[in-house]
Amino acid sequence: LLIRRVVKTILRYVRANNVSIDVEFPIVLFGGIVRLPLIGTFDIESIWDVLRDRIYGLKINGKWTIIDCGANMGISTRIYALQNRYGHVIAIEPNSEILPKLIRNTNDLKNVTILPIAVAPKSGYVELYVAKDHVASSLVKDYAKHKGRGVVKVHRVNALTLNDVLKILHISYVDLLLLDVEGLANDVLLASYELLSKGVIKLVKVDLADYDNPHDIHDLIVILMRAGYEVSIIENTLYARKNNTIIMIMLGALSGLCIDFVVNKVLPSNRLY
């Protein structure tokens, strides 16, 4: 905990003073080398993600299909790929300025495929707002301005729905979906509702650090529970596991409706849909 606080203090100083130091150090995780930036662009949450996975009880059997939406520089991608040596990890990252680091962090892993696109509610070309703090770059301009301390560039990128990604890669089943799409998770999941309800995706993991409004988290939970998922939250991470029994799907849908009624009838709410 002390080390985490010290690192976060260093990161705050680096970001506040716009310091850029790109020094890397290697650590051994899951039988392989993970190269981490020392400071500057260090996504420390990627390491704590592994600990949260252990708390949740997530055990990758080594033959999973994993989709990492918002792979950034590939730290999480590499960690999951090392656990999943006989499976397949698809790393999706639309920011062309980050792609070289993603490639460098994964180019020795044969089970990683990189897609230089964005995942969005609709397929087509969209504007990517590159934030000063690059990890908060987003297709949502206000999100990049607020979370990323301002927009420094705008790139036009190709976007695909999750359904189109699966079609292009001929994937019929996803064991784990990592969703870190900076302000668009609810919209992406709504657009993928048919995939969720049919059980095409077994596990969904969403970074809740993107959320400022608790009603948006409510909407996220309702979407997943209506589709038949059991939802757990550990720190700022949501885990949703598909339960394919008819009874649990019905209970999940009923629970979603109950949550929906309480929040929207008893409490004021700004709905997404």
# chains A, B, ... in the order shown; residues from 1 in each chain; ligands from 1
call {"tool": "residues_around", "arguments": {"residues": "A:Tyr129", "least_positions_apart": "2", "cutoff": "7 Å", "atoms": "only C-alpha atoms", "output": "list in words"}}
result
Glu127, Ala131, Ser137, Ser138, Leu139, Lys141, Ala144, Val151, Lys153, Val154 and His155 of chain A
call {"tool": "write_last_selection", "arguments": {"atoms": "all heavy atoms", "output": "CSV table (one decimal), in the first residue's frame"}}
result
chain,number,residue,atom,x,y,z
A,127,GLU,N,-14.1,10.4,-34.9
A,127,GLU,CA,-13.1,11.3,-34.4
A,127,GLU,C,-12.5,10.8,-33.1
A,127,GLU,O,-13.3,10.5,-32.2
A,127,GLU,CB,-13.6,12.7,-34.2
A,127,GLU,CG,-14.2,13.4,-35.5
A,127,GLU,CD,-13.2,13.6,-36.6
A,127,GLU,OE1,-12.0,13.8,-36.2
A,127,GLU,OE2,-13.6,13.5,-37.7
A,131,ALA,N,-6.1,13.0,-25.8
A,131,ALA,CA,-5.9,13.8,-24.6
A,131,ALA,C,-4.5,14.0,-24.2
A,131,ALA,O,-3.6,13.3,-24.6
A,131,ALA,CB,-6.7,13.2,-23.4
A,137,SER,N,-7.7,9.4,-23.8
A,137,SER,CA,-8.1,9.7,-25.1
A,137,SER,C,-9.4,9.0,-25.4
A,137,SER,O,-9.6,7.8,-25.0
A,137,SER,CB,-7.0,9.3,-26.1
A,137,SER,OG,-5.8,10.0,-25.9
A,138,SER,N,-10.3,9.6,-26.1
A,138,SER,CA,-11.7,9.1,-26.2
A,138,SER,C,-12.4,9.5,-27.5
A,138,SER,O,-12.0,10.5,-28.1
A,138,SER,CB,-12.5,9.5,-25.0
A,138,SER,OG,-13.9,9.1,-25.1
A,139,LEU,N,-13.4,8.8,-27.9
A,139,LEU,CA,-14.3,9.2,-29.0
A,139,LEU,C,-15.3,10.3,-28.5
A,139,LEU,O,-16.0,10.9,-29.3
A,139,LEU,CB,-15.1,8.0,-29.5
A,139,LEU,CG,-14.2,6.8,-30.0
A,139,LEU,CD1,-15.2,5.7,-30.6
A,139,LEU,CD2,-13.2,7.2,-31.0
A,141,LYS,N,-15.6,13.8,-26.9
A,141,LYS,CA,-14.7,15.0,-26.7
A,141,LYS,C,-14.8,15.5,-25.3
A,141,LYS,O,-13.7,15.8,-24.7
A,141,LYS,CB,-15.2,16.1,-27.7
A,141,LYS,CG,-14.3,17.3,-27.7
A,141,LYS,CD,-14.8,18.3,-28.7
A,141,LYS,CE,-13.9,19.6,-28.7
A,141,LYS,NZ,-14.3,20.5,-29.7
A,144,ALA,N,-12.6,13.4,-23.0
A,144,ALA,CA,-11.1,13.6,-23.1
A,144,ALA,C,-10.7,14.9,-22.5
A,144,ALA,O,-9.7,15.0,-21.9
A,144,ALA,CB,-10.8,13.6,-24.6
A,151,VAL,N,-7.7,18.3,-24.8
A,151,VAL,CA,-7.5,17.6,-26.1
A,151,VAL,C,-6.3,18.3,-26.8
A,151,VAL,O,-6.3,19.5,-27.0
A,151,VAL,CB,-8.8,17.7,-27.0
A,151,VAL,CG1,-8.5,17.1,-28.3
A,151,VAL,CG2,-9.9,16.9,-26.3
A,153,LYS,N,-4.9,16.7,-29.8
A,153,LYS,CA,-5.0,16.3,-31.2
A,153,LYS,C,-6.3,15.7,-31.5
A,153,LYS,O,-7.0,15.2,-30.6
A,153,LYS,CB,-3.8,15.4,-31.7
A,153,LYS,CG,-2.5,16.0,-31.6
A,153,LYS,CD,-1.4,15.0,-32.1
A,153,LYS,CE,0.0,15.6,-32.0
A,153,LYS,NZ,1.0,14.6,-32.4
A,154,VAL,N,-6.7,15.6,-32.8
A,154,VAL,CA,-7.9,14.9,-33.2
A,154,VAL,C,-7.5,14.0,-34.4
A,154,VAL,O,-6.9,14.5,-35.4
A,154,VAL,CB,-9.0,15.8,-33.6
A,154,VAL,CG1,-10.2,15.0,-34.0
A,154,VAL,CG2,-9.4,16.7,-32.4
A,155,HIS,N,-7.7,12.7,-34.2
A,155,HIS,CA,-7.4,11.7,-35.3
A,155,HIS,C,-8.7,11.2,-35.8
A,155,HIS,O,-9.6,10.9,-35.1
A,155,HIS,CB,-6.5,10.6,-34.8
A,155,HIS,CG,-5.2,11.0,-34.4
A,155,HIS,ND1,-4.4,12.0,-35.1
A,155,HIS,CD2,-4.3,10.6,-33.4
A,155,HIS,CE1,-3.2,12.1,-34.5
A,155,HIS,NE2,-3.2,11.3,-33.5
call {"tool": "residues_around", "arguments": {"residues": "A:Lys198", "least_positions_apart": "2", "cutoff": "12 Å", "atoms": "only C-alpha atoms", "output": "MDAnalysis selection string"}}
result
chainID A and resid 172:174 192:196 200:202 226:229 242:246 249
call {"tool": "select_by_dssp", "arguments": {"residues": "stretch 51-268 of chain A", "states": "strand (DSSP E)", "output": "VMD selection string"}}
result
chain A and resid 65 to 69 88 to 92 112 to 115 118 to 119 124 to 131 151 to 160 174 to 179 201 to 207 229 to 234 237 to 242
call {"tool": "write_last_selection", "arguments": {"atoms": "C-alpha atoms", "output": "PDB file, in the first residue's frame"}}
result
ATOM      1  CA  THR A  65     -10.262 -16.056 -26.365  1.00  0.00           C
ATOM      2  CA  ILE A  66      -9.771 -12.629 -24.781  1.00  0.00           C
ATOM      3  CA  ILE A  67     -10.660  -9.265 -26.313  1.00  0.00           C
ATOM      4  CA  ASP A  68      -8.896  -6.240 -24.801  1.00  0.00           C
ATOM      5  CA  CYS A  69     -10.801  -3.130 -25.905  1.00  0.00           C
ATOM      6  CA  HIS A  88      -5.784 -15.851 -28.291  1.00  0.00           C
ATOM      7  CA  VAL A  89      -5.715 -12.233 -27.102  1.00  0.00           C
ATOM      8  CA  ILE A  90      -7.048  -9.525 -29.412  1.00  0.00           C
ATOM      9  CA  ALA A  91      -5.666  -6.106 -28.456  1.00  0.00           C
ATOM     10  CA  ILE A  92      -7.726  -3.194 -29.792  1.00  0.00           C
ATOM     11  CA  VAL A 112      -1.642 -11.634 -29.601  1.00  0.00           C
ATOM     12  CA  THR A 113      -3.417  -9.953 -32.517  1.00  0.00           C
ATOM     13  CA  ILE A 114      -3.468  -6.145 -32.669  1.00  0.00           C
ATOM     14  CA  LEU A 115      -6.366  -4.269 -34.271  1.00  0.00           C
ATOM     15  CA  ALA A 118     -11.839   1.799 -32.120  1.00  0.00           C
ATOM     16  CA  VAL A 119     -14.754  -0.191 -30.708  1.00  0.00           C
ATOM     17  CA  GLY A 124     -17.633   3.732 -39.526  1.00  0.00           C
ATOM     18  CA  TYR A 125     -15.088   6.513 -39.312  1.00  0.00           C
ATOM     19  CA  VAL A 126     -15.094   8.582 -36.116  1.00  0.00           C
ATOM     20  CA  GLU A 127     -13.058  11.297 -34.422  1.00  0.00           C
ATOM     21  CA  LEU A 128     -10.602  10.207 -31.731  1.00  0.00           C
ATOM     22  CA  TYR A 129      -9.834  13.033 -29.307  1.00  0.00           C
ATOM     23  CA  VAL A 130      -6.254  12.531 -28.120  1.00  0.00           C
ATOM     24  CA  ALA A 131      -5.945  13.816 -24.573  1.00  0.00           C
ATOM     25  CA  VAL A 151      -7.497  17.633 -26.070  1.00  0.00           C
ATOM     26  CA  VAL A 152      -4.193  18.051 -27.909  1.00  0.00           C
ATOM     27  CA  LYS A 153      -4.991  16.345 -31.242  1.00  0.00           C
ATOM     28  CA  VAL A 154      -7.865  14.869 -33.190  1.00  0.00           C
ATOM     29  CA  HIS A 155      -7.406  11.744 -35.315  1.00  0.00           C
ATOM     30  CA  ARG A 156      -9.932  10.246 -37.714  1.00  0.00           C
ATOM     31  CA  VAL A 157     -10.035   6.504 -37.051  1.00  0.00           C
ATOM     32  CA  ASN A 158     -11.959   3.482 -38.181  1.00  0.00           C
ATOM     33  CA  ALA A 159     -14.499   2.131 -35.678  1.00  0.00           C
ATOM     34  CA  LEU A 160     -16.241  -1.230 -35.528  1.00  0.00           C
ATOM     35  CA  VAL A 174     -15.384 -14.898 -26.171  1.00  0.00           C
ATOM     36  CA  ASP A 175     -14.196 -16.068 -22.760  1.00  0.00           C
ATOM     37  CA  LEU A 176     -13.270 -12.604 -21.464  1.00  0.00           C
ATOM     38  CA  LEU A 177     -14.087  -9.098 -22.680  1.00  0.00           C
ATOM     39  CA  LEU A 178     -11.959  -6.318 -21.179  1.00  0.00           C
ATOM     40  CA  LEU A 179     -13.793  -3.054 -21.741  1.00  0.00           C
ATOM     41  CA  ILE A 201     -19.413 -13.519 -24.122  1.00  0.00           C
ATOM     42  CA  LYS A 202     -18.738 -15.449 -20.907  1.00  0.00           C
ATOM     43  CA  LEU A 203     -17.056 -12.775 -18.768  1.00  0.00           C
ATOM     44  CA  VAL A 204     -17.103  -8.980 -18.977  1.00  0.00           C
ATOM     45  CA  LYS A 205     -14.674  -6.770 -17.072  1.00  0.00           C
ATOM     46  CA  VAL A 206     -15.273  -3.001 -17.011  1.00  0.00           C
ATOM     47  CA  ASP A 207     -13.072  -0.273 -15.545  1.00  0.00           C
ATOM     48  CA  TYR A 229     -25.051 -11.843 -15.968  1.00  0.00           C
ATOM     49  CA  GLU A 230     -24.098 -12.067 -12.304  1.00  0.00           C
ATOM     50  CA  VAL A 231     -22.383  -8.796 -11.370  1.00  0.00           C
ATOM     51  CA  SER A 232     -19.640  -8.202  -8.787  1.00  0.00           C
ATOM     52  CA  ILE A 233     -17.679  -5.015  -8.062  1.00  0.00           C
ATOM     53  CA  ILE A 234     -14.185  -5.046  -6.553  1.00  0.00           C
ATOM     54  CA  THR A 237     -13.663  -2.791 -11.398  1.00  0.00           C
ATOM     55  CA  LEU A 238     -16.902  -4.505 -12.410  1.00  0.00           C
ATOM     56  CA  TYR A 239     -16.948  -8.218 -13.210  1.00  0.00           C
ATOM     57  CA  ALA A 240     -19.950  -9.815 -14.917  1.00  0.00           C
ATOM     58  CA  ARG A 241     -20.201 -13.571 -15.438  1.00  0.00           C
ATOM     59  CA  LYS A 242     -22.789 -15.098 -17.762  1.00  0.00           C
TER      60      LYS A 242
END
call {"tool": "select_by_dssp", "arguments": {"residues": "stretch 77-118 of chain A", "states": "helix (DSSP H, G or I)", "output": "PyMOL selection string"}}
result
chain A and resi 77-83+99-106
call {"tool": "write_last_selection", "arguments": {"atoms": "N, CA and C atoms", "output": "short mmCIF file (atom, residue, chain, number, x, y, z; two decimals), in the first residue's frame"}}
result
data_model
loop_
_atom_site.label_atom_id
_atom_site.label_comp_id
_atom_site.auth_asym_id
_atom_site.auth_seq_id
_atom_site.Cartn_x
_atom_site.Cartn_y
_atom_site.Cartn_z
N THR A 77 -2.55 -6.37 -21.80
CA THR A 77 -2.57 -7.36 -22.88
C THR A 77 -1.48 -8.39 -22.68
N ARG A 78 -0.29 -7.93 -22.36
CA ARG A 78 0.85 -8.84 -22.18
C ARG A 78 0.63 -9.76 -20.97
N ILE A 79 0.13 -9.19 -19.89
CA ILE A 79 -0.10 -9.99 -18.68
C ILE A 79 -1.11 -11.10 -18.96
N TYR A 80 -2.20 -10.76 -19.65
CA TYR A 80 -3.22 -11.77 -19.97
C TYR A 80 -2.68 -12.78 -20.98
N ALA A 81 -1.89 -12.33 -21.93
CA ALA A 81 -1.34 -13.25 -22.94
C ALA A 81 -0.39 -14.26 -22.32
N LEU A 82 0.37 -13.84 -21.32
CA LEU A 82 1.29 -14.75 -20.65
C LEU A 82 0.55 -15.84 -19.88
N GLN A 83 -0.65 -15.51 -19.39
CA GLN A 83 -1.47 -16.51 -18.71
C GLN A 83 -2.23 -17.39 -19.69
N LEU A 99 0.30 3.00 -30.51
CA LEU A 99 0.48 1.71 -31.15
C LEU A 99 1.93 1.19 -31.15
N PRO A 100 2.94 2.04 -31.41
CA PRO A 100 4.33 1.51 -31.37
C PRO A 100 4.69 0.87 -30.04
N LYS A 101 4.21 1.44 -28.92
CA LYS A 101 4.49 0.85 -27.61
C LYS A 101 3.72 -0.46 -27.43
N LEU A 102 2.48 -0.49 -27.92
CA LEU A 102 1.69 -1.72 -27.85
C LEU A 102 2.38 -2.84 -28.63
N ILE A 103 2.87 -2.51 -29.82
CA ILE A 103 3.56 -3.50 -30.65
C ILE A 103 4.84 -3.97 -29.96
N ARG A 104 5.58 -3.02 -29.41
CA ARG A 104 6.84 -3.37 -28.75
C ARG A 104 6.61 -4.28 -27.54
N ASN A 105 5.53 -4.05 -26.82
CA ASN A 105 5.25 -4.83 -25.61
C ASN A 105 4.68 -6.21 -25.91
N THR A 106 4.28 -6.45 -27.15
CA THR A 106 3.63 -7.73 -27.46
C THR A 106 4.22 -8.46 -28.66
#
call {"tool": "closest_residue", "arguments": {"among": "A:Ser123, A:Asn163, A:Asn111, A:Asn72", "to": "A:Ser96", "atoms": "only C-alpha atoms"}}
result
A:Asn72
call {"tool": "closest_residue", "arguments": {"among": "A:Asp219, A:Asp53, A:Asp108, A:Glu93", "to": "A:Glu182", "atoms": "only C-alpha atoms"}}
result
A:Glu93
call {"tool": "closest_residue", "arguments": {"among": "A:Tyr56, A:Tyr86, A:Trp64, A:Tyr143", "to": "A:Glu235", "atoms": "only C-alpha atoms"}}
result
A:Tyr56
call {"tool": "closest_residue", "arguments": {"among": "A:Gly62, A:Leu208, A:Ile98, A:Met73", "to": "A:Arg85", "atoms": "only C-alpha atoms"}}
result
A:Gly62
